[in-house]
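One structure is given here, and the rest of the page talks about it.
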Amino acid sequence: MNSLQAGTAQVDITPPLEVGLLTSSVKGLYEPFQSVRLPLKARILVLKSGKDILALVSLDLLALNDTAVGGWYSFKKALSDIIPPEKIIITCTHTHNAPESVALSDLYLDTAYRKWLSRIQDGIKNAILQAAIATKPCSVAVASSRLEGYSMQRRIPTPEGIIMSDSIQPIAPELLNREPVDRRVRSVIFQDATGNVIATLVHAICHPVHEMCMPHISAEFPGEMCLALETNAENGMPLFLNGAAGDINPPTVSEGPASAQRHGHALAELVQEQGRLFIGSSGFRSLYQEIKMPVRDEVKLANDKDALARLNVISIGPLAIVFIPGEPFVETALAIEKDSPFKHTIVAAYAENTIGYIPTLQASLEGGYEAGPGKWSFLEKGTDALITKEALRLLKELFSK
């Protein structure tokens, strides 16, 4: 197999203030921002292996969908002249202090929004080219540890039904320790032949909602983590991958910037203390699959393509990263990882076009916000099993290549 090469670049994607903040997913409302607290970035990692090339694009955004970008294929095609759309994997950190970019409101029709989106495309296109030019031979290491106290199972059963954890803050210790939750923080480190780090991918699982509904732009705790890691050149370019956080919150929802800073800095400190396991320098492999997801009868989507799931899997030696669209629950990611043939499997969510929440069948039966129905939760009950099945099929196909 060909050896692996990697290169990075980043670009500012902070919108003008009028490209506003989602204030109610239920009512489809947005309002202009009042200020910028922490700029939004697009961070790009380009991988090469022989003639194969792939770009991983991490955006400090809530999410994106087909409607909000005016057609997913055309949006991605405009991102590069050297990498085909199916080889560009977009992920979002899921910060709730970024623009309403999933057409839950009418913001996507606004002229200022469309101009901002076009500027994002141009910026990412230039950054992908820069990263591709900067690629150099590299090796890969992985690391894993736990961060306690910053994430929790947010669905709380009560006699009246399921409630969200943010409605009962401060959180009692017995609630903070409820399962299921996955507090692992896993890193993938790309370093060149001299030992200098090119990029550090950090995977953790939690909604970035410390600043939710506050009228300023912020990259939230993922952005704080990246800023902290960037202060040390030995970390290379940091890039955050959020996991299956559909049912995972921090215990401090809407408590403000200080909570986001503490969370981000705690992540950065943990990452820099992790012991690394070298896994090789062989090239990558990748697979891409589209699945038309079943939609509930009571939800009428204006655009059927908003229910098209786009899955990606990449592998480097014994490591596989699965990219799932929408908001799967942590149980789904754990099930995929458990049955994966790879020694190391990371399940990243909020990838490609969002398809809303993907609750487990049990959660769908229990109800609650994530179960909908609405523009934020429209898939048929039990579609988590379909996502799991397809992800495992891709992993096994890639493993056998």
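All residue names refer to the structure tokens as shown: chains lettered A, B, ... in order, residues numbered from 1 in each chain, ligands numbered from 1 in order.
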Report as a short mmCIF file (atom, residue, chain, number, x, y, z; two decimals) with C-alpha atoms, in the first residue's frame all protein, DNA and RNA residues lying within 8 Å of region 119-130 of chain A, evaluated on only C-alpha atoms, omitting residues in the same chain fewer than 3 positions from it.
```
data_model
loop_
_atom_site.label_atom_id
_atom_site.label_comp_id
_atom_site.auth_asym_id
_atom_site.auth_seq_id
_atom_site.Cartn_x
_atom_site.Cartn_y
_atom_site.Cartn_z
CA THR A 8 -3.69 21.22 6.76
CA ALA A 9 -5.19 24.68 6.40
CA GLN A 10 -7.89 26.74 8.06
CA VAL A 11 -10.06 29.73 7.23
CA ASP A 12 -12.37 32.08 9.13
CA ILE A 13 -16.08 31.51 8.38
CA ALA A 42 -13.19 25.82 8.95
CA ILE A 44 -9.18 21.21 6.75
CA LEU A 45 -7.09 18.05 6.76
CA VAL A 46 -6.15 16.65 3.34
CA ALA A 55 -10.38 16.21 2.44
CA PHE A 75 -22.50 22.90 -2.79
CA ALA A 78 -17.90 24.11 -5.59
CA LEU A 79 -15.47 23.31 -2.74
CA SER A 80 -12.67 21.92 -4.89
CA ILE A 82 -8.93 18.76 -7.37
CA LYS A 115 -23.63 35.74 0.35
CA TRP A 116 -22.07 34.32 3.52
CA ILE A 133 -0.11 21.62 -1.61
CA ALA A 134 1.21 21.32 1.96
#
```
Residues within 8 Å of Met214 (chain A), please, as a compact mmCIF listing (two decimals) with C-alpha atoms, in the first residue's frame. Count only C-alpha atoms; anything in the same chain fewer than 4 positions from it doesn't count.
```
# COMPACT_ATOMS: atom_id res chain seq x y z
CA ASN A 97 -23.87 29.85 18.70
CA SER A 254 -26.59 28.15 28.90
CA GLY A 256 -22.14 31.13 29.61
```
Exercise for the section: May I have the residues within 8 Å of region 335-338 of chain A as a list in words, using only C-alpha atoms and disregarding those fewer than 4 positions away in the same chain? Expected result: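 In the requested format, the answer is Glu331, Thr345, Ile346, Val347, Thr388, Ala391 and Leu392 of chain A.
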For the residues in the current selection, export N, CA and C atoms as a PDB file, in the first residue's frame.
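As written to disk, part.pdb reads:
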```
ATOM      1  N   GLU A 331     -25.769   5.418  22.324  1.00  0.00           N
ATOM      2  CA  GLU A 331     -25.942   3.962  22.261  1.00  0.00           C
ATOM      3  C   GLU A 331     -25.660   3.426  20.864  1.00  0.00           C
ATOM      4  N   THR A 345     -12.030   2.077  16.547  1.00  0.00           N
ATOM      5  CA  THR A 345     -13.134   2.627  15.753  1.00  0.00           C
ATOM      6  C   THR A 345     -13.672   3.871  16.429  1.00  0.00           C
ATOM      7  N   ILE A 346     -13.710   4.964  15.695  1.00  0.00           N
ATOM      8  CA  ILE A 346     -14.256   6.231  16.171  1.00  0.00           C
ATOM      9  C   ILE A 346     -15.501   6.556  15.353  1.00  0.00           C
ATOM     10  N   VAL A 347     -16.597   6.875  16.032  1.00  0.00           N
ATOM     11  CA  VAL A 347     -17.842   7.231  15.348  1.00  0.00           C
ATOM     12  C   VAL A 347     -18.065   8.730  15.510  1.00  0.00           C
ATOM     13  N   THR A 388     -26.936   1.783  11.941  1.00  0.00           N
ATOM     14  CA  THR A 388     -25.966   0.849  12.519  1.00  0.00           C
ATOM     15  C   THR A 388     -25.608  -0.251  11.523  1.00  0.00           C
ATOM     16  N   ALA A 391     -23.488   1.203   8.617  1.00  0.00           N
ATOM     17  CA  ALA A 391     -22.139   1.561   9.070  1.00  0.00           C
ATOM     18  C   ALA A 391     -21.279   0.311   9.238  1.00  0.00           C
ATOM     19  N   LEU A 392     -21.848  -0.734   9.818  1.00  0.00           N
ATOM     20  CA  LEU A 392     -21.100  -1.978  10.017  1.00  0.00           C
ATOM     21  C   LEU A 392     -20.801  -2.659   8.689  1.00  0.00           C
TER      22      LEU A 392
END
```
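Considering only C-alpha atoms, the residue among A:Thr23, A:Ser218, A:Ser315, A:Thr383 positioned nearest to His344 (chain A) is A:Ser315.
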Proximity check region 248-340 of chain A to region 220-241 of chain A, 7 Å, nearest pairs one decimal Å, only C-alpha atoms, as JSON lines:
```
{"residue": "A:Ala260", "atom": "CA", "partner": "A:Phe221", "partner_atom": "CA", "distance": 4.5}
{"residue": "A:Gln261", "atom": "CA", "partner": "A:Glu224", "partner_atom": "CA", "distance": 5.7}
{"residue": "A:His263", "atom": "CA", "partner": "A:Phe221", "partner_atom": "CA", "distance": 5.8}
{"residue": "A:Gly264", "atom": "CA", "partner": "A:Met225", "partner_atom": "CA", "distance": 4.0}
{"residue": "A:His265", "atom": "CA", "partner": "A:Met225", "partner_atom": "CA", "distance": 5.5}
{"residue": "A:Leu267", "atom": "CA", "partner": "A:Met225", "partner_atom": "CA", "distance": 6.2}
{"residue": "A:Ala268", "atom": "CA", "partner": "A:Met225", "partner_atom": "CA", "distance": 5.2}
```
Convert the current residue selection to file output with C-alpha atoms, as a CSV table (one decimal), in the first residue's frame.
```
chain,number,residue,atom,x,y,z
A,260,ALA,CA,-17.3,26.8,27.5
A,261,GLN,CA,-13.8,27.9,28.3
A,263,HIS,CA,-14.7,22.6,29.1
A,264,GLY,CA,-12.4,23.4,26.1
A,265,HIS,CA,-9.3,24.0,28.3
A,267,LEU,CA,-10.1,18.9,26.9
A,268,ALA,CA,-6.9,20.5,25.6
```
Practice task
Quick one: everything within 7 Å of Thr360 (chain A), counting only C-alpha atoms, minus sequence neighbours fewer than 6 positions away in the same chain. Send it as a list of chain:residue names.
Solution key: A:Phe329, A:Gly382, A:Asp384
Exercise for the section: Can you pull out every residue within 12 Å of region 142-147 of chain A, counting only C-alpha atoms, but drop anything in the same chain fewer than 4 positions away, and send it as a ChimeraX atom specification? Expected result: /A:151-152,181-191,199-206,250,263-280,316-321,343-346
Handout entry: alpha helix (DSSP H) per DSSP on the backbone: members of region 80-323 of chain A, as an MDAnalysis selection string
Key = chainID A and resid 111:133 173:176 220:230 257:273
Exercise for the section: For region 153-158 of chain A, please output as a PyMOL selection string all residues within 7 Å (counting only C-alpha atoms; exclusion window: fewer than 6 positions along the same chain). Expected result: chain A and resi 164-165+178-181+247-249
Residues from the last selection, N, CA, C and O atoms, saved as a short mmCIF file (atom, residue, chain, number, x, y, z; two decimals), in the first residue's frame:
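To be explicit, this is the file written out as selection-v2.cif:
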```cif
data_model
loop_
_atom_site.label_atom_id
_atom_site.label_comp_id
_atom_site.auth_asym_id
_atom_site.auth_seq_id
_atom_site.Cartn_x
_atom_site.Cartn_y
_atom_site.Cartn_z
N MET A 164 -35.53 17.22 29.59
CA MET A 164 -34.13 17.50 29.27
C MET A 164 -33.40 17.95 30.52
O MET A 164 -33.95 18.63 31.39
N SER A 165 -32.11 17.60 30.61
CA SER A 165 -31.32 17.91 31.79
C SER A 165 -31.22 19.40 32.07
O SER A 165 -31.12 19.81 33.23
N ARG A 178 -25.62 9.04 35.52
CA ARG A 178 -26.51 8.11 34.84
C ARG A 178 -25.91 7.65 33.51
O ARG A 178 -25.22 8.38 32.83
N GLU A 179 -26.19 6.41 33.16
CA GLU A 179 -25.79 5.85 31.87
C GLU A 179 -26.99 5.90 30.91
O GLU A 179 -28.13 6.03 31.35
N PRO A 180 -26.75 5.79 29.61
CA PRO A 180 -25.45 5.62 28.95
C PRO A 180 -24.79 6.97 28.67
O PRO A 180 -25.45 7.97 28.40
N VAL A 181 -23.48 6.96 28.76
CA VAL A 181 -22.67 8.12 28.43
C VAL A 181 -21.28 7.60 28.09
O VAL A 181 -20.86 6.55 28.58
N ASP A 247 -28.04 12.50 22.65
CA ASP A 247 -28.63 12.45 24.00
C ASP A 247 -27.62 12.82 25.08
O ASP A 247 -27.79 12.44 26.24
N ILE A 248 -26.59 13.59 24.72
CA ILE A 248 -25.53 13.95 25.67
C ILE A 248 -25.39 15.47 25.77
O ILE A 248 -25.18 16.15 24.77
N ASN A 249 -25.51 15.99 26.98
CA ASN A 249 -25.35 17.42 27.27
C ASN A 249 -24.22 17.63 28.27
O ASN A 249 -23.88 16.71 29.01
#
```
Practice task
Write out as a ChimeraX atom specification which residues come within 7 Å of Val209 (chain A) when counting only C-alpha atoms, dropping same-chain ones fewer than 3 positions away.
Solution key: /A:95-96,212,253-254
Practice task
Determine the nearest neighbour of Phe342 (chain A) from the options A:Tyr73, A:Phe284, A:Tyr30, A:Phe399, counting only C-alpha atoms.
Solution key: A:Phe399
Practice task
Could you tell me which of A:Ser58, A:Ser35, A:Thr354, A:Asn196 comes closest to Lys375 (chain A) if we count only C-alpha atoms?
Solution key: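 Going through A:Ser58, A:Ser35, A:Thr354, A:Asn196 one by one, the smallest distance to Lys375 (chain A) is for A:Thr354.
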Completion exercise
The distance between CA of Gly283 (chain A) and CA of Leu308 (chain A) is 29.4 Å
